[in-house]
Amino acid sequence: MVDSRDEIITLLRRLAEARQPVTLRHNVRSYLSLLLRLDTDHDQLIFDAPPGGFAALRQQAVLQAQARVQGYGLRFPTTVDALQADGSLVSWMPGSVEHAQRRRTHRVNVPRSVPIRATLFPLGGRPIRVRITDLSTHGFGASLRRESAEELRPGRVLDGAFGLSGTAFYAPITVRAVRQRDDAYALGGEFTALSPGDRRTVEREVVELERYWRPKATNRPALRHA
């Protein structure tokens, strides 16, 4: 979930520039529209009139907007302010946007019996220890404490120290998502720049994890970690 005004404006501006369709839902009705522009001075969005128009909508009606652009999904609520003479819709900019990043590669779950951990280093902040819960050659999922989750926002870049199969390496990462699940917090991170050697290390780890989860008639093999 993105709740930073600057990040919300960036995401919505990309949506407007991409000219991708936006589905606006109100109760049982759906409208297929385009986000024409953002009025950041007045915190308003202007949507193009769909076939049949927006005539059934009333001021203060809450719409659920959904779109996809550049490989990621966007969902956000927006409240109707006015209908213009040309049929376009003016609504209020949302206070938060759900930003679902498309995964480029399959991630493999890390069993709890294998304590793969990492330390993230925010600029000017205290190190954050996380437990890796899933892994791919492009990124990872991790669990972390609430106080640590409050320091992270999607789009933030941090340095990370990782230990896989007895090999430690450092790599910058980009925070893609921070979500609360009951009393726990989950982080989605993307490796920003892996060296060829570090990428091979991650690839080997992913292969070992896939072998562990592969159904077998015998007992699962133990994963080797230092």
# chains A, B, ... in the order shown; residues from 1 in each chain; ligands from 1

$ select_by_dssp --residues "segment 53-149 of chain A" --states "strand (DSSP E)" --output "PyMOL selection string"
chain A and resi 62-69+72-83+89-92+98-101+108-109+117-121+128-135+139-144

$ residues_around --residues "Gly87 of chain A" --least-positions-apart "6" --cutoff "9 Å" --atoms "only C-alpha atoms" --output "PDB file with all heavy atoms, in the first residue's frame"
ATOM      1  N   ASP A  48     -12.075  10.474 -18.492  1.00  0.00           N
ATOM      2  CA  ASP A  48     -12.785  10.611 -19.754  1.00  0.00           C
ATOM      3  C   ASP A  48     -14.163   9.967 -19.647  1.00  0.00           C
ATOM      4  O   ASP A  48     -14.359   8.973 -18.939  1.00  0.00           O
ATOM      5  CB  ASP A  48     -11.967   9.930 -20.857  1.00  0.00           C
ATOM      6  CG  ASP A  48     -12.545  10.181 -22.240  1.00  0.00           C
ATOM      7  OD1 ASP A  48     -13.112  11.265 -22.446  1.00  0.00           O
ATOM      8  OD2 ASP A  48     -12.430   9.287 -23.091  1.00  0.00           O
ATOM      9  N   ALA A  49     -15.135  10.531 -20.392  1.00  0.00           N
ATOM     10  CA  ALA A  49     -16.494   9.982 -20.378  1.00  0.00           C
ATOM     11  C   ALA A  49     -16.540   8.659 -21.134  1.00  0.00           C
ATOM     12  O   ALA A  49     -16.089   8.578 -22.279  1.00  0.00           O
ATOM     13  CB  ALA A  49     -17.457  10.968 -21.015  1.00  0.00           C
ATOM     14  N   PRO A  50     -17.064   7.598 -20.535  1.00  0.00           N
ATOM     15  CA  PRO A  50     -17.188   6.300 -21.221  1.00  0.00           C
ATOM     16  C   PRO A  50     -18.447   6.281 -22.079  1.00  0.00           C
ATOM     17  O   PRO A  50     -19.284   7.189 -21.998  1.00  0.00           O
ATOM     18  CB  PRO A  50     -17.305   5.320 -20.059  1.00  0.00           C
ATOM     19  CG  PRO A  50     -18.039   6.101 -19.012  1.00  0.00           C
ATOM     20  CD  PRO A  50     -17.561   7.536 -19.151  1.00  0.00           C
ATOM     21  N   GLY A  53     -21.784   7.433 -20.712  1.00  0.00           N
ATOM     22  CA  GLY A  53     -21.529   8.507 -19.767  1.00  0.00           C
ATOM     23  C   GLY A  53     -21.602   8.099 -18.303  1.00  0.00           C
ATOM     24  O   GLY A  53     -21.816   6.938 -17.955  1.00  0.00           O
ATOM     25  N   PHE A  54     -21.422   9.095 -17.449  1.00  0.00           N
ATOM     26  CA  PHE A  54     -21.439   8.910 -15.991  1.00  0.00           C
ATOM     27  C   PHE A  54     -22.742   9.419 -15.373  1.00  0.00           C
ATOM     28  O   PHE A  54     -22.800   9.699 -14.167  1.00  0.00           O
ATOM     29  CB  PHE A  54     -20.287   9.691 -15.352  1.00  0.00           C
ATOM     30  CG  PHE A  54     -18.916   9.116 -15.604  1.00  0.00           C
ATOM     31  CD1 PHE A  54     -17.989   9.821 -16.357  1.00  0.00           C
ATOM     32  CD2 PHE A  54     -18.538   7.894 -15.067  1.00  0.00           C
ATOM     33  CE1 PHE A  54     -16.714   9.315 -16.578  1.00  0.00           C
ATOM     34  CE2 PHE A  54     -17.270   7.376 -15.283  1.00  0.00           C
ATOM     35  CZ  PHE A  54     -16.354   8.093 -16.043  1.00  0.00           C
ATOM     36  N   ALA A  55     -23.776   9.557 -16.186  1.00  0.00           N
ATOM     37  CA  ALA A  55     -24.984  10.237 -15.722  1.00  0.00           C
ATOM     38  C   ALA A  55     -25.596   9.611 -14.471  1.00  0.00           C
ATOM     39  O   ALA A  55     -26.262  10.293 -13.688  1.00  0.00           O
ATOM     40  CB  ALA A  55     -26.020  10.272 -16.848  1.00  0.00           C
TER      41      ALA A  55
END

$ closest_residue --among "A:Ser165, A:Ser143, A:Ser195, A:Gln60" --to "Asp183 of chain A" --atoms "only C-alpha atoms"
A:Ser143

$ residues_around --residues "Glu147 of chain A" --least-positions-apart "5" --cutoff "10 Å" --atoms "only C-alpha atoms" --output "VMD selection string"
chain A and resid 128 152 185

$ write_last_selection --atoms "C-alpha atoms" --output "JSON list (two decimals), in the first residue's frame"
[["chain", "number", "residue", "atom", "x", "y", "z"],
["A", 128, "ILE", "CA", 16.74, -3.92, 10.17],
["A", 152, "LEU", "CA", 9.91, 1.28, 5.09],
["A", 185, "TYR", "CA", 4.39, -7.70, 8.61]]

$ select_by_dssp --residues "segment 8-217 of chain A" --states "alpha helix (DSSP H)" --output "PyMOL selection string"
chain A and resi 8-18+146-149+196-213

$ write_last_selection --atoms "N, CA and C atoms" --output "mmCIF file, in the first residue's frame"
data_model
loop_
_atom_site.group_PDB
_atom_site.id
_atom_site.type_symbol
_atom_site.label_atom_id
_atom_site.label_comp_id
_atom_site.auth_asym_id
_atom_site.auth_seq_id
_atom_site.Cartn_x
_atom_site.Cartn_y
_atom_site.Cartn_z
ATOM 1 N N ILE A 8 2.098 8.593 -4.728
ATOM 2 C CA ILE A 8 0.771 8.441 -5.338
ATOM 3 C C ILE A 8 0.692 9.265 -6.624
ATOM 4 N N ILE A 9 1.189 10.495 -6.582
ATOM 5 C CA ILE A 9 1.180 11.345 -7.771
ATOM 6 C C ILE A 9 2.006 10.716 -8.888
ATOM 7 N N THR A 10 3.164 10.150 -8.531
ATOM 8 C CA THR A 10 4.012 9.504 -9.539
ATOM 9 C C THR A 10 3.290 8.349 -10.213
ATOM 10 N N LEU A 11 2.647 7.488 -9.409
ATOM 11 C CA LEU A 11 1.941 6.331 -9.963
ATOM 12 C C LEU A 11 0.777 6.752 -10.848
ATOM 13 N N LEU A 12 -0.006 7.733 -10.389
ATOM 14 C CA LEU A 12 -1.163 8.162 -11.162
ATOM 15 C C LEU A 12 -0.741 8.925 -12.419
ATOM 16 N N ARG A 13 0.356 9.651 -12.355
ATOM 17 C CA ARG A 13 0.847 10.346 -13.546
ATOM 18 C C ARG A 13 1.282 9.341 -14.617
ATOM 19 N N ARG A 14 1.922 8.259 -14.174
ATOM 20 C CA ARG A 14 2.300 7.207 -15.127
ATOM 21 C C ARG A 14 1.059 6.607 -15.780
ATOM 22 N N LEU A 15 0.017 6.427 -14.985
ATOM 23 C CA LEU A 15 -1.222 5.861 -15.515
ATOM 24 C C LEU A 15 -1.825 6.798 -16.557
ATOM 25 N N ALA A 16 -1.829 8.094 -16.278
ATOM 26 C CA ALA A 16 -2.386 9.058 -17.232
ATOM 27 C C ALA A 16 -1.552 9.102 -18.509
ATOM 28 N N GLU A 17 -0.229 9.080 -18.380
ATOM 29 C CA GLU A 17 0.641 9.157 -19.548
ATOM 30 C C GLU A 17 0.564 7.897 -20.409
ATOM 31 N N ALA A 18 0.312 6.737 -19.768
ATOM 32 C CA ALA A 18 0.254 5.472 -20.504
ATOM 33 C C ALA A 18 -1.051 5.299 -21.270
ATOM 34 N N ARG A 146 7.006 -5.005 13.512
ATOM 35 C CA ARG A 146 6.170 -3.840 13.203
ATOM 36 C C ARG A 146 6.970 -2.546 13.229
ATOM 37 N N GLU A 147 7.825 -2.370 14.231
ATOM 38 C CA GLU A 147 8.569 -1.116 14.328
ATOM 39 C C GLU A 147 9.508 -0.918 13.148
ATOM 40 N N SER A 148 9.980 -2.034 12.588
ATOM 41 C CA SER A 148 10.833 -1.942 11.395
ATOM 42 C C SER A 148 10.003 -1.644 10.153
ATOM 43 N N ALA A 149 8.820 -2.263 10.064
ATOM 44 C CA ALA A 149 7.954 -2.062 8.899
ATOM 45 C C ALA A 149 7.540 -0.603 8.772
ATOM 46 N N PRO A 196 27.477 -10.773 -11.117
ATOM 47 C CA PRO A 196 27.314 -12.108 -11.707
ATOM 48 C C PRO A 196 27.548 -13.231 -10.705
ATOM 49 N N GLY A 197 28.556 -13.081 -9.834
ATOM 50 C CA GLY A 197 28.825 -14.113 -8.837
ATOM 51 C C GLY A 197 27.717 -14.238 -7.816
ATOM 52 N N ASP A 198 27.193 -13.104 -7.353
ATOM 53 C CA ASP A 198 26.109 -13.134 -6.375
ATOM 54 C C ASP A 198 24.825 -13.675 -7.000
ATOM 55 N N ARG A 199 24.600 -13.380 -8.282
ATOM 56 C CA ARG A 199 23.409 -13.921 -8.947
ATOM 57 C C ARG A 199 23.489 -15.445 -9.024
ATOM 58 N N ARG A 200 24.688 -15.970 -9.309
ATOM 59 C CA ARG A 200 24.851 -17.435 -9.351
ATOM 60 C C ARG A 200 24.597 -18.037 -7.976
ATOM 61 N N THR A 201 25.016 -17.328 -6.905
ATOM 62 C CA THR A 201 24.759 -17.800 -5.548
ATOM 63 C C THR A 201 23.260 -17.905 -5.289
ATOM 64 N N VAL A 202 22.515 -16.879 -5.683
ATOM 65 C CA VAL A 202 21.058 -16.888 -5.496
ATOM 66 C C VAL A 202 20.423 -17.989 -6.339
ATOM 67 N N GLU A 203 20.887 -18.141 -7.569
ATOM 68 C CA GLU A 203 20.338 -19.192 -8.447
ATOM 69 C C GLU A 203 20.529 -20.577 -7.834
ATOM 70 N N ARG A 204 21.721 -20.830 -7.258
ATOM 71 C CA ARG A 204 21.965 -22.132 -6.621
ATOM 72 C C ARG A 204 21.036 -22.332 -5.435
ATOM 73 N N GLU A 205 20.820 -21.266 -4.670
ATOM 74 C CA GLU A 205 19.927 -21.374 -3.510
ATOM 75 C C GLU A 205 18.508 -21.698 -3.951
ATOM 76 N N VAL A 206 18.037 -21.046 -5.016
ATOM 77 C CA VAL A 206 16.691 -21.299 -5.524
ATOM 78 C C VAL A 206 16.555 -22.749 -5.981
ATOM 79 N N VAL A 207 17.585 -23.268 -6.661
ATOM 80 C CA VAL A 207 17.561 -24.660 -7.110
ATOM 81 C C VAL A 207 17.463 -25.609 -5.925
ATOM 82 N N GLU A 208 18.238 -25.356 -4.868
ATOM 83 C CA GLU A 208 18.190 -26.222 -3.674
ATOM 84 C C GLU A 208 16.815 -26.182 -3.031
ATOM 85 N N LEU A 209 16.217 -24.998 -2.980
ATOM 86 C CA LEU A 209 14.891 -24.880 -2.389
ATOM 87 C C LEU A 209 13.856 -25.629 -3.224
ATOM 88 N N GLU A 210 13.955 -25.541 -4.536
ATOM 89 C CA GLU A 210 13.021 -26.260 -5.402
ATOM 90 C C GLU A 210 13.159 -27.770 -5.222
ATOM 91 N N ARG A 211 14.399 -28.238 -5.064
ATOM 92 C CA ARG A 211 14.610 -29.664 -4.826
ATOM 93 C C ARG A 211 14.000 -30.093 -3.502
ATOM 94 N N TYR A 212 14.099 -29.234 -2.515
ATOM 95 C CA TYR A 212 13.536 -29.554 -1.199
ATOM 96 C C TYR A 212 12.019 -29.748 -1.279
ATOM 97 N N TRP A 213 11.346 -28.855 -2.031
ATOM 98 C CA TRP A 213 9.894 -28.900 -2.093
ATOM 99 C C TRP A 213 9.354 -29.900 -3.111
#

$ residues_around --residues "Pro77 of chain A" --least-positions-apart "2" --cutoff "9 Å" --atoms "only C-alpha atoms" --output "number ranges by chain"
A: 62-66, 75, 79, 93-97

$ atom_distance --atom1 "atom CA of Asp41 of chain A" --atom2 "atom CA of Trp92 of chain A"
11.5 Å

$ residues_around --residues "Glu190 of chain A" --least-positions-apart "4" --cutoff "9 Å" --atoms "only C-alpha atoms" --output "list in words"
His138, Gly139, Phe140, Gly141, Pro172, Ile173, Thr174, Val175 and Arg176 of chain A

$ write_last_selection --atoms "N, CA, C and O atoms" --output "PDB file, in the first residue's frame"
ATOM      1  N   HIS A 138      15.361 -12.529  -8.727  1.00  0.00           N
ATOM      2  CA  HIS A 138      15.133 -11.090  -8.840  1.00  0.00           C
ATOM      3  C   HIS A 138      14.725 -10.426  -7.533  1.00  0.00           C
ATOM      4  O   HIS A 138      14.802  -9.199  -7.420  1.00  0.00           O
ATOM      5  N   GLY A 139      14.293 -11.220  -6.562  1.00  0.00           N
ATOM      6  CA  GLY A 139      13.828 -10.591  -5.334  1.00  0.00           C
ATOM      7  C   GLY A 139      13.506 -11.600  -4.258  1.00  0.00           C
ATOM      8  O   GLY A 139      13.831 -12.782  -4.365  1.00  0.00           O
ATOM      9  N   PHE A 140      12.838 -11.125  -3.222  1.00  0.00           N
ATOM     10  CA  PHE A 140      12.567 -11.969  -2.061  1.00  0.00           C
ATOM     11  C   PHE A 140      11.382 -11.424  -1.291  1.00  0.00           C
ATOM     12  O   PHE A 140      10.976 -10.257  -1.441  1.00  0.00           O
ATOM     13  N   GLY A 141      10.810 -12.292  -0.471  1.00  0.00           N
ATOM     14  CA  GLY A 141       9.825 -11.893   0.517  1.00  0.00           C
ATOM     15  C   GLY A 141      10.433 -12.092   1.883  1.00  0.00           C
ATOM     16  O   GLY A 141      11.301 -12.946   2.080  1.00  0.00           O
ATOM     17  N   PRO A 172      22.309  -3.822  -3.080  1.00  0.00           N
ATOM     18  CA  PRO A 172      21.222  -2.865  -2.865  1.00  0.00           C
ATOM     19  C   PRO A 172      19.886  -3.489  -3.228  1.00  0.00           C
ATOM     20  O   PRO A 172      19.805  -4.321  -4.149  1.00  0.00           O
ATOM     21  N   ILE A 173      18.838  -3.117  -2.517  1.00  0.00           N
ATOM     22  CA  ILE A 173      17.494  -3.632  -2.805  1.00  0.00           C
ATOM     23  C   ILE A 173      16.507  -2.467  -2.841  1.00  0.00           C
ATOM     24  O   ILE A 173      16.740  -1.418  -2.246  1.00  0.00           O
ATOM     25  N   THR A 174      15.410  -2.688  -3.553  1.00  0.00           N
ATOM     26  CA  THR A 174      14.324  -1.712  -3.605  1.00  0.00           C
ATOM     27  C   THR A 174      13.093  -2.313  -2.945  1.00  0.00           C
ATOM     28  O   THR A 174      12.704  -3.441  -3.262  1.00  0.00           O
ATOM     29  N   VAL A 175      12.491  -1.593  -2.016  1.00  0.00           N
ATOM     30  CA  VAL A 175      11.270  -2.053  -1.357  1.00  0.00           C
ATOM     31  C   VAL A 175      10.118  -1.944  -2.351  1.00  0.00           C
ATOM     32  O   VAL A 175       9.874  -0.880  -2.926  1.00  0.00           O
ATOM     33  N   ARG A 176       9.439  -3.063  -2.602  1.00  0.00           N
ATOM     34  CA  ARG A 176       8.309  -3.076  -3.532  1.00  0.00           C
ATOM     35  C   ARG A 176       6.964  -3.078  -2.828  1.00  0.00           C
ATOM     36  O   ARG A 176       5.972  -2.581  -3.371  1.00  0.00           O
TER      37      ARG A 176
END

$ atom_distance --atom1 "atom CA of Gly160 of chain A" --atom2 "atom CA of Ser4 of chain A"
23.3 Å

$ closest_residue --among "A:Leu158, A:Leu83, A:Ala100, A:Leu35" --to "Thr119 of chain A" --atoms "only C-alpha atoms"
A:Leu158

$ decode --residues "segment 116-144 of chain A" --atoms "N, CA, C and O atoms" --output "CSV table (one decimal), in the first residue's frame"
chain,number,residue,atom,x,y,z
A,116,ILE,N,17.1,-18.5,6.9
A,116,ILE,CA,17.8,-17.5,6.1
A,116,ILE,C,17.4,-16.1,6.5
A,116,ILE,O,16.3,-15.7,6.5
A,117,ARG,N,18.4,-15.3,6.9
A,117,ARG,CA,18.2,-14.0,7.4
A,117,ARG,C,19.0,-13.0,6.6
A,117,ARG,O,19.9,-13.3,5.9
A,118,ALA,N,18.5,-11.7,6.6
A,118,ALA,CA,19.2,-10.6,6.0
A,118,ALA,C,19.1,-9.4,6.9
A,118,ALA,O,18.3,-9.3,7.7
A,119,THR,N,20.1,-8.5,6.7
A,119,THR,CA,20.1,-7.2,7.4
A,119,THR,C,20.0,-6.1,6.4
A,119,THR,O,20.8,-6.1,5.4
A,120,LEU,N,19.0,-5.2,6.5
A,120,LEU,CA,18.9,-4.1,5.7
A,120,LEU,C,19.3,-2.8,6.4
A,120,LEU,O,19.2,-2.6,7.6
A,121,PHE,N,20.0,-1.9,5.6
A,121,PHE,CA,20.6,-0.7,6.2
A,121,PHE,C,20.0,0.5,5.6
A,121,PHE,O,20.4,1.0,4.5
A,122,PRO,N,18.9,1.1,6.2
A,122,PRO,CA,18.4,2.4,5.7
A,122,PRO,C,19.4,3.5,6.0
A,122,PRO,O,20.1,3.5,7.0
A,123,LEU,N,19.5,4.4,5.0
A,123,LEU,CA,20.4,5.5,5.2
A,123,LEU,C,20.0,6.4,6.4
A,123,LEU,O,18.9,6.9,6.5
A,124,GLY,N,20.9,6.5,7.3
A,124,GLY,CA,20.6,7.3,8.5
A,124,GLY,C,19.8,6.6,9.6
A,124,GLY,O,19.5,7.2,10.6
A,125,GLY,N,19.4,5.3,9.3
A,125,GLY,CA,18.6,4.6,10.3
A,125,GLY,C,19.3,3.4,10.9
A,125,GLY,O,20.4,3.1,10.5
A,126,ARG,N,18.6,2.7,11.8
A,126,ARG,CA,19.2,1.6,12.4
A,126,ARG,C,19.1,0.3,11.5
A,126,ARG,O,18.1,0.2,10.7
A,127,PRO,N,20.0,-0.6,11.5
A,127,PRO,CA,19.9,-1.8,10.7
A,127,PRO,C,18.6,-2.6,11.1
A,127,PRO,O,18.1,-2.6,12.2
A,128,ILE,N,18.0,-3.2,10.0
A,128,ILE,CA,16.7,-3.9,10.2
A,128,ILE,C,17.0,-5.4,9.8
A,128,ILE,O,17.4,-5.7,8.7
A,129,ARG,N,16.7,-6.3,10.8
A,129,ARG,CA,16.9,-7.7,10.6
A,129,ARG,C,15.6,-8.3,10.1
A,129,ARG,O,14.5,-8.0,10.7
A,130,VAL,N,15.6,-9.1,9.1
A,130,VAL,CA,14.4,-9.7,8.5
A,130,VAL,C,14.7,-11.2,8.3
A,130,VAL,O,15.8,-11.6,8.2
A,131,ARG,N,13.6,-12.0,8.3
A,131,ARG,CA,13.7,-13.4,7.9
A,131,ARG,C,13.2,-13.6,6.5
A,131,ARG,O,12.1,-13.2,6.2
A,132,ILE,N,14.0,-14.2,5.6
A,132,ILE,CA,13.6,-14.5,4.3
A,132,ILE,C,12.5,-15.6,4.2
A,132,ILE,O,12.8,-16.7,4.7
A,133,THR,N,11.4,-15.3,3.6
A,133,THR,CA,10.3,-16.3,3.5
A,133,THR,C,10.2,-16.9,2.1
A,133,THR,O,9.6,-18.0,2.0
A,134,ASP,N,10.6,-16.2,1.1
A,134,ASP,CA,10.6,-16.7,-0.3
A,134,ASP,C,11.7,-16.0,-1.1
A,134,ASP,O,12.1,-14.9,-0.7
A,135,LEU,N,12.1,-16.7,-2.1
A,135,LEU,CA,13.3,-16.2,-2.8
A,135,LEU,C,13.2,-16.5,-4.3
A,135,LEU,O,12.7,-17.5,-4.8
A,136,SER,N,13.7,-15.5,-5.1
A,136,SER,CA,13.9,-15.7,-6.6
A,136,SER,C,15.2,-15.0,-7.0
A,136,SER,O,15.8,-14.4,-6.2
A,137,THR,N,15.5,-15.2,-8.2
A,137,THR,CA,16.8,-14.5,-8.7
A,137,THR,C,16.6,-13.0,-8.8
A,137,THR,O,17.6,-12.3,-9.0
A,138,HIS,N,15.4,-12.5,-8.7
A,138,HIS,CA,15.1,-11.1,-8.8
A,138,HIS,C,14.7,-10.4,-7.5
A,138,HIS,O,14.8,-9.2,-7.4
A,139,GLY,N,14.3,-11.2,-6.6
A,139,GLY,CA,13.8,-10.6,-5.3
A,139,GLY,C,13.5,-11.6,-4.3
A,139,GLY,O,13.8,-12.8,-4.4
A,140,PHE,N,12.8,-11.1,-3.2
A,140,PHE,CA,12.6,-12.0,-2.1
A,140,PHE,C,11.4,-11.4,-1.3
A,140,PHE,O,11.0,-10.3,-1.4
A,141,GLY,N,10.8,-12.3,-0.5
A,141,GLY,CA,9.8,-11.9,0.5
A,141,GLY,C,10.4,-12.1,1.9
A,141,GLY,O,11.3,-12.9,2.1
A,142,ALA,N,10.0,-11.3,2.9
A,142,ALA,CA,10.6,-11.4,4.2
A,142,ALA,C,9.6,-11.0,5.2
A,142,ALA,O,8.6,-10.3,4.9
A,143,SER,N,9.7,-11.5,6.4
A,143,SER,CA,8.9,-11.1,7.6
A,143,SER,C,9.8,-10.2,8.5
A,143,SER,O,11.0,-10.3,8.5
A,144,LEU,N,9.1,-9.2,9.1
A,144,LEU,CA,9.8,-8.3,9.9
A,144,LEU,C,8.9,-7.8,11.0
A,144,LEU,O,7.7,-7.9,11.0
